[in-house]
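Have a look at data-v2.txt; it's compact mmCIF, C-alpha atoms and all ligand atoms:
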# COMPACT_ATOMS: atom_id res chain seq x y z
CA MET A 207 -23.43 22.32 -16.21
CA ALA A 208 -20.48 24.03 -17.88
CA ALA A 209 -17.02 22.68 -17.15
CA ASP A 210 -14.25 24.76 -15.67
CA ALA A 211 -12.13 26.46 -18.32
CA ILE A 212 -9.58 27.99 -15.94
CA VAL A 213 -8.82 27.08 -12.34
CA ALA A 214 -6.26 29.19 -10.50
CA THR A 215 -5.26 28.64 -6.87
CA GLY A 216 -2.81 30.52 -4.71
CA LEU A 217 -0.95 32.12 -7.61
CA ARG A 218 2.14 34.07 -6.78
CA LYS A 219 4.55 35.72 -9.19
CA ARG A 220 7.66 37.46 -7.93
CA PHE A 221 9.77 39.85 -9.92
CA VAL A 222 13.04 41.54 -9.20
CA LEU A 223 12.38 45.13 -8.23
CA ARG A 224 15.97 46.25 -8.21
CA HIS A 225 19.01 44.54 -9.67
CA THR A 226 21.76 47.02 -9.15
CA ARG A 227 23.29 47.65 -5.78
CA SER A 228 26.25 49.81 -5.02
CA LEU A 229 29.58 48.14 -4.47
CA LYS A 230 29.37 49.12 -0.82
CA GLU A 231 25.96 47.49 -0.39
CA ALA A 232 27.24 44.34 -2.11
CA PHE A 233 30.30 44.31 0.17
CA VAL A 234 28.22 44.73 3.33
CA TRP A 235 25.92 41.96 2.14
CA PHE A 236 28.93 39.72 1.51
CA VAL A 237 30.72 40.30 4.83
CA ARG A 238 27.47 39.79 6.72
CA GLY A 239 27.40 36.26 5.42
CA ARG A 240 25.16 36.93 2.40
CA ARG A 241 22.13 37.25 4.60
CA GLY A 242 18.98 38.42 2.92
CA GLU A 243 18.72 38.95 -0.78
CA LEU A 244 20.98 41.18 -2.78
CA VAL A 245 18.25 41.84 -5.27
CA GLN A 246 14.99 43.25 -4.01
CA LYS A 247 11.91 41.30 -5.02
CA PHE A 248 8.22 42.03 -4.94
CA ASN A 249 5.06 40.06 -5.60
CA ALA A 250 3.41 41.14 -8.84
CA LEU A 251 0.72 38.59 -7.93
CA ASP A 252 0.04 37.26 -4.48
CA ASP A 253 -2.34 34.45 -3.51
CA VAL A 254 -4.65 34.92 -6.47
CA GLY A 255 -7.34 32.28 -6.92
CA PHE A 256 -10.48 32.02 -9.05
CA THR A 257 -12.38 29.65 -11.33
CA VAL A 258 -13.72 30.55 -14.77
CA ARG A 259 -16.46 28.36 -16.24
CA THR A 260 -16.46 27.52 -19.93
CA GLY A 261 -18.26 30.25 -21.84
CA GLU A 262 -17.76 32.98 -19.25
CA THR A 263 -16.54 36.40 -20.35
CA VAL A 264 -14.25 37.90 -17.75
CA ALA A 265 -12.58 41.31 -17.54
CA LEU A 266 -9.36 41.60 -15.55
CA LEU A 267 -9.45 45.07 -14.05
CA GLY A 268 -7.11 47.20 -12.00
CA LEU A 269 -4.93 50.26 -12.08
CA ASN A 270 -1.52 50.35 -13.79
CA GLY A 271 0.85 47.77 -12.40
CA SER A 272 -1.82 45.86 -10.48
CA GLY A 273 -0.84 42.56 -12.13
CA LYS A 274 -3.38 42.07 -14.95
CA SER A 275 -0.92 41.34 -17.75
CA THR A 276 1.13 39.11 -15.47
CA LEU A 277 -1.99 37.11 -14.66
CA LEU A 278 -2.83 36.82 -18.36
CA LYS A 279 0.67 35.53 -19.03
CA LEU A 280 0.29 32.91 -16.29
CA ILE A 281 -3.02 31.80 -17.83
CA SER A 282 -1.40 31.58 -21.27
CA GLY A 283 1.62 29.71 -19.96
CA VAL A 284 4.06 32.38 -21.18
CA LEU A 285 5.09 32.73 -17.52
CA GLN A 286 5.16 30.13 -14.75
CA PRO A 287 3.93 30.98 -11.23
CA ASP A 288 6.38 30.94 -8.31
CA ALA A 289 3.64 29.42 -6.17
CA GLY A 290 0.17 28.09 -6.79
CA VAL A 291 -1.38 26.22 -9.67
CA ILE A 292 -3.09 27.27 -12.87
CA ARG A 293 -5.03 24.83 -15.02
CA THR A 294 -6.75 25.52 -18.31
CA ARG A 295 -8.99 23.31 -20.43
CA GLY A 296 -9.11 23.47 -24.22
CA HIS A 297 -7.22 25.28 -26.92
CA LEU A 298 -5.91 28.65 -25.84
CA ALA A 299 -5.09 31.58 -28.08
CA GLY A 300 -4.94 35.29 -27.90
CA LEU A 301 -3.07 38.45 -28.09
CA ILE A 302 -0.75 38.84 -25.19
CA GLU A 303 2.13 40.66 -26.70
CA VAL A 304 1.17 41.72 -30.17
CA GLY A 305 3.24 39.89 -32.74
CA ALA A 306 5.37 38.24 -30.05
CA GLY A 307 5.66 35.15 -32.19
CA PHE A 308 6.50 37.10 -35.34
CA HIS A 309 9.86 36.79 -36.99
CA HIS A 310 10.90 40.23 -38.21
CA ASP A 311 12.85 39.12 -41.26
CA LEU A 312 10.03 36.97 -42.59
CA SER A 313 7.13 38.20 -44.69
CA GLY A 314 3.56 38.42 -43.47
CA ARG A 315 2.77 35.24 -45.41
CA GLU A 316 5.65 33.30 -43.83
CA ASN A 317 4.68 34.57 -40.41
CA VAL A 318 1.13 33.33 -40.86
CA TYR A 319 2.52 29.84 -41.35
CA LEU A 320 5.02 30.17 -38.52
CA ASN A 321 2.59 31.72 -36.06
CA GLY A 322 -0.25 29.41 -37.07
CA ALA A 323 1.99 26.41 -36.36
CA ILE A 324 3.07 27.87 -33.00
CA LEU A 325 -0.60 28.34 -32.12
CA GLY A 326 -1.35 24.71 -32.92
CA MET A 327 -2.71 24.81 -36.47
CA SER A 328 -1.70 22.11 -38.95
CA GLN A 329 -0.34 23.04 -42.38
CA GLN A 330 -3.71 22.10 -43.87
CA ASP A 331 -5.64 24.24 -41.33
CA ILE A 332 -3.47 27.21 -42.23
CA GLU A 333 -3.85 26.68 -45.98
CA GLU A 334 -7.62 26.44 -45.65
CA ARG A 335 -7.85 29.57 -43.52
CA PHE A 336 -5.09 31.57 -45.18
CA ASP A 337 -7.31 33.71 -47.41
CA SER A 338 -9.68 34.40 -44.57
CA ILE A 339 -6.79 35.40 -42.28
CA ILE A 340 -5.46 37.85 -44.86
CA GLU A 341 -8.89 39.19 -45.66
CA PHE A 342 -9.69 39.86 -42.00
CA ALA A 343 -6.30 41.47 -41.42
CA GLU A 344 -6.71 43.69 -44.52
CA ILE A 345 -3.01 43.40 -45.16
CA GLY A 346 -3.54 43.24 -48.92
CA GLU A 347 -0.44 43.68 -51.04
CA PHE A 348 1.78 43.88 -47.94
CA ILE A 349 1.42 40.16 -47.32
CA ASP A 350 4.78 39.47 -48.99
CA THR A 351 6.55 42.36 -47.26
CA GLU A 352 8.82 41.58 -44.30
CA VAL A 353 6.92 42.34 -41.12
CA LYS A 354 9.70 44.58 -39.81
CA PHE A 355 8.31 47.15 -42.23
CA TYR A 356 4.76 46.84 -40.90
CA SER A 357 3.21 49.63 -38.87
CA SER A 358 2.14 48.68 -35.33
CA GLY A 359 -1.47 48.62 -36.54
CA MET A 360 -0.63 46.20 -39.34
CA TYR A 361 1.16 43.97 -36.86
CA LEU A 362 -1.89 43.97 -34.64
CA ARG A 363 -4.24 43.17 -37.51
CA LEU A 364 -2.25 40.18 -38.63
CA ALA A 365 -1.60 38.87 -35.12
CA PHE A 366 -5.27 39.27 -34.13
CA SER A 367 -6.46 37.66 -37.32
CA ILE A 368 -4.18 34.61 -36.91
CA ALA A 369 -5.22 34.22 -33.26
CA VAL A 370 -8.97 34.25 -33.95
CA HIS A 371 -8.56 31.84 -36.85
CA THR A 372 -7.06 29.16 -34.58
CA ASP A 373 -10.58 28.45 -33.31
CA PRO A 374 -9.69 28.84 -29.63
CA ASP A 375 -11.76 27.58 -26.69
CA ILE A 376 -10.25 30.26 -24.49
CA PHE A 377 -9.38 33.62 -26.00
CA LEU A 378 -7.10 36.01 -24.13
CA VAL A 379 -7.04 39.66 -25.07
CA ASP A 380 -4.65 42.25 -23.66
CA GLU A 381 -5.36 45.84 -24.61
CA ILE A 382 -6.02 44.88 -28.20
CA LEU A 383 -7.72 48.06 -28.96
CA ALA A 384 -4.79 50.25 -28.07
CA VAL A 385 -3.05 50.36 -31.44
CA GLY A 386 -5.78 49.50 -33.94
CA ASP A 387 -7.62 52.27 -35.74
CA GLU A 388 -11.33 52.78 -35.14
CA PRO A 389 -12.71 50.64 -37.99
CA PHE A 390 -10.41 47.78 -37.03
CA GLN A 391 -11.31 48.14 -33.35
CA ARG A 392 -14.97 47.76 -34.28
CA LYS A 393 -14.16 44.71 -36.35
CA CYS A 394 -12.14 43.13 -33.50
CA LEU A 395 -14.91 43.83 -31.09
CA ALA A 396 -17.49 42.23 -33.38
CA LYS A 397 -15.22 39.18 -33.67
CA ILE A 398 -14.79 39.01 -29.90
CA ARG A 399 -18.56 39.18 -29.42
CA GLU A 400 -18.96 36.44 -32.03
CA LEU A 401 -16.56 34.23 -30.05
CA ALA A 402 -18.48 34.96 -26.85
CA ASP A 403 -21.81 34.13 -28.53
CA ALA A 404 -20.31 30.88 -29.78
CA GLY A 405 -19.74 29.90 -26.14
CA LYS A 406 -15.99 30.54 -26.04
CA THR A 407 -14.34 31.63 -22.82
CA LEU A 408 -12.98 35.18 -22.97
CA ILE A 409 -10.50 36.92 -20.71
CA VAL A 410 -10.07 40.59 -21.51
CA VAL A 411 -7.65 43.14 -20.09
CA SER A 412 -8.51 46.73 -20.90
CA HIS A 413 -8.62 50.14 -19.29
CA ASP A 414 -11.65 50.96 -21.43
CA LEU A 415 -14.27 50.31 -18.75
CA ASP A 416 -17.25 50.98 -21.02
CA LEU A 417 -15.90 48.52 -23.51
CA VAL A 418 -15.28 45.73 -21.01
CA SER A 419 -18.68 46.36 -19.44
CA SER A 420 -20.29 45.79 -22.82
CA VAL A 421 -18.25 42.68 -23.67
CA CYS A 422 -17.80 40.93 -20.32
CA GLU A 423 -20.29 39.66 -17.78
CA ARG A 424 -17.86 39.19 -14.92
CA GLY A 425 -15.02 41.29 -13.52
CA ILE A 426 -11.99 40.40 -11.43
CA LEU A 427 -10.32 43.34 -9.75
CA LEU A 428 -6.64 43.30 -8.87
CA GLU A 429 -4.90 45.75 -6.62
CA ASN A 430 -1.16 45.51 -5.92
CA GLY A 431 -1.18 41.92 -7.10
CA ARG A 432 -4.07 40.81 -4.92
CA LEU A 433 -7.55 39.85 -5.98
CA VAL A 434 -9.79 42.35 -4.19
CA LYS A 435 -13.16 41.81 -5.89
CA ASP A 436 -14.74 39.20 -8.12
CA GLY A 437 -18.32 39.62 -9.29
CA ASP A 438 -20.62 40.91 -12.01
CA VAL A 439 -18.79 43.38 -14.22
CA ALA A 440 -20.92 46.40 -13.30
CA SER A 441 -20.21 46.08 -9.58
CA VAL A 442 -16.50 45.47 -10.15
CA VAL A 443 -16.21 48.46 -12.50
CA ALA A 444 -18.01 50.59 -9.88
CA GLU A 445 -15.56 49.38 -7.23
CA LEU A 446 -12.57 50.19 -9.44
CA ARG A 447 -13.94 53.68 -10.16
CA GLN A 448 -14.42 54.23 -6.44
CA ARG A 449 -10.90 53.06 -5.61
CA ALA A 450 -9.45 55.12 -8.46
CA SER A 451 -11.11 58.29 -7.19
CA ASP A 452 -9.75 57.62 -3.68
CA HIS A 453 -6.29 57.05 -5.14
N1 LIG B 501 9.32 40.85 -16.40
C1 LIG B 501 9.16 41.65 -15.36
N2 LIG B 501 10.19 41.95 -14.53
C2 LIG B 501 10.05 42.75 -13.46
N3 LIG B 501 8.87 43.34 -13.13
C3 LIG B 501 7.82 43.09 -13.90
C4 LIG B 501 7.89 42.25 -15.07
N4 LIG B 501 6.66 42.19 -15.63
C5 LIG B 501 5.86 42.97 -14.87
N5 LIG B 501 6.54 43.49 -13.85
C6 LIG B 501 6.00 44.34 -12.79
O1 LIG B 501 4.91 43.66 -12.21
C7 LIG B 501 3.87 44.58 -11.85
C8 LIG B 501 2.59 44.18 -12.52
O2 LIG B 501 2.73 44.39 -13.91
P1 LIG B 501 1.58 44.08 -14.96
O3 LIG B 501 2.11 44.41 -16.31
O4 LIG B 501 1.05 42.72 -14.71
O5 LIG B 501 0.47 45.14 -14.53
P2 LIG B 501 -0.84 45.58 -15.27
O6 LIG B 501 -1.93 45.56 -14.28
O7 LIG B 501 -1.03 44.80 -16.52
O8 LIG B 501 -0.47 47.10 -15.61
P3 LIG B 501 -0.92 48.09 -16.80
O9 LIG B 501 -2.33 48.47 -16.52
O10 LIG B 501 0.01 49.24 -16.60
O11 LIG B 501 -0.71 47.38 -18.10
C9 LIG B 501 4.38 45.95 -12.26
O12 LIG B 501 4.91 46.57 -11.12
C10 LIG B 501 5.46 45.65 -13.27
O13 LIG B 501 6.46 46.65 -13.25

What would the structure in this file look like if it were written as structure tokens?
Ligand SMILES: Nc1ncnc2c1ncn2[C@@H]1O[C@H](COP(=O)(O)OP(=O)(O)OP(=O)(O)O)[C@@H](O)[C@H]1O
Amino acid sequence: MAADAIVATGLRKRFVLRHTRSLKEAFVWFVRGRRGELVQKFNALDDVGFTVRTGETVALLGLNGSGKSTLLKLISGVLQPDAGVIRTRGHLAGLIEVGAGFHHDLSGRENVYLNGAILGMSQQDIEERFDSIIEFAEIGEFIDTEVKFYSSGMYLRLAFSIAVHTDPDIFLVDEILAVGDEPFQRKCLAKIRELADAGKTLIVVSHDLDLVSSVCERGILLENGRLVKDGDVASVVAELRQRASDH
């Protein structure tokens, strides 16, 4: 039986909704003995729990602001939950914020080494995979150009290529297809399917419901930070479409 790749229980993430208060509001708050909170907070995720088995392909679905990216960031460890526990097993990689680990003043080549190291590759791993990373990214002669001059598509290509070359057990994908052109989207998709066929665990966030239906077997639906449905992708997509039309 497959092991658990991700176990999440009782996850809560709170964000500040409003920082600024008028001087009067701040004064009233102060003279009333600082009761309540001066900043207004809300739960971007509230009591979210689920288990993903190794090799499962899961789509995180929901309308804008429902908490999908926040959940992905908790899984990746970029953010820590305010309550609850998240555990992952194996090497994790993915595209959460495209090129987040990139250093703007460094060239593509230098960023491959930097990013590769951040994602857990040794110097030797990177050297061995370097040509393949560049070839997949189709960066060509721009490899020695500083990445601040890259287009958003070029950024995406390089970041995606580095991430897939780290040989992850769990691959997280957030709206990857948004900035890539069509040929590159197809290539990414083929790579993602290849990872899924190789038994890797995939977590995908996308508003392209046809795409996630074709890539993922399971769907998790979030609404206002709460998990409202978890099941086979077709039924969860149908539920989301229903809720969206009632919206
Ligand atoms: N760093 C932050 N500080 C404050 N609020 C945040 C922060 N990150 C996210 N939020 C808020 O948390 C809520 C959930 O955001 P999140 O990006 O997870 O939603 P999403 O489902 O991925 O949305 P979308 O489909 O629009 O990408 C939103 O209301 C968002 O404004």

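Of the residues under consideration (A:Thr215, A:Asn430, A:Gln391, A:Thr407), A:Gln391 shows the shortest atom-to-atom contact distance to Leu362 (chain A) when counting only C-alpha atoms.
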
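For the set A:Glu347, A:Glu334, A:Glu262, A:Glu429, the residue with the smallest atom-to-atom gap to ligand LIG 501 (chain B) is A:Glu429, counting all atoms listed in the file.
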
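For the atom pair formed by CA of Phe256 (chain A) and CA of Ile426 (chain A), the distance is 8.8 Å, given to one decimal.
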
Go ahead and fit an axis-aligned box to every listed atom of ligand LIG 501 (chain B) plus 6 Å each side, and pass me the centre and edge lengths in Å, one decimal, as lines of an AutoDock Vina configuration file.
center_x = 3.9
center_y = 45.0
center_z = -14.6
size_x = 24.5
size_y = 20.4
size_z = 19.0

Legend entry - Shell of 12 Å around Ala289 (chain A), all atoms listed in the file, local chain residues under 6 positions omitted, as a ChimeraX atom specification: /A:214-220,249,251-255,280
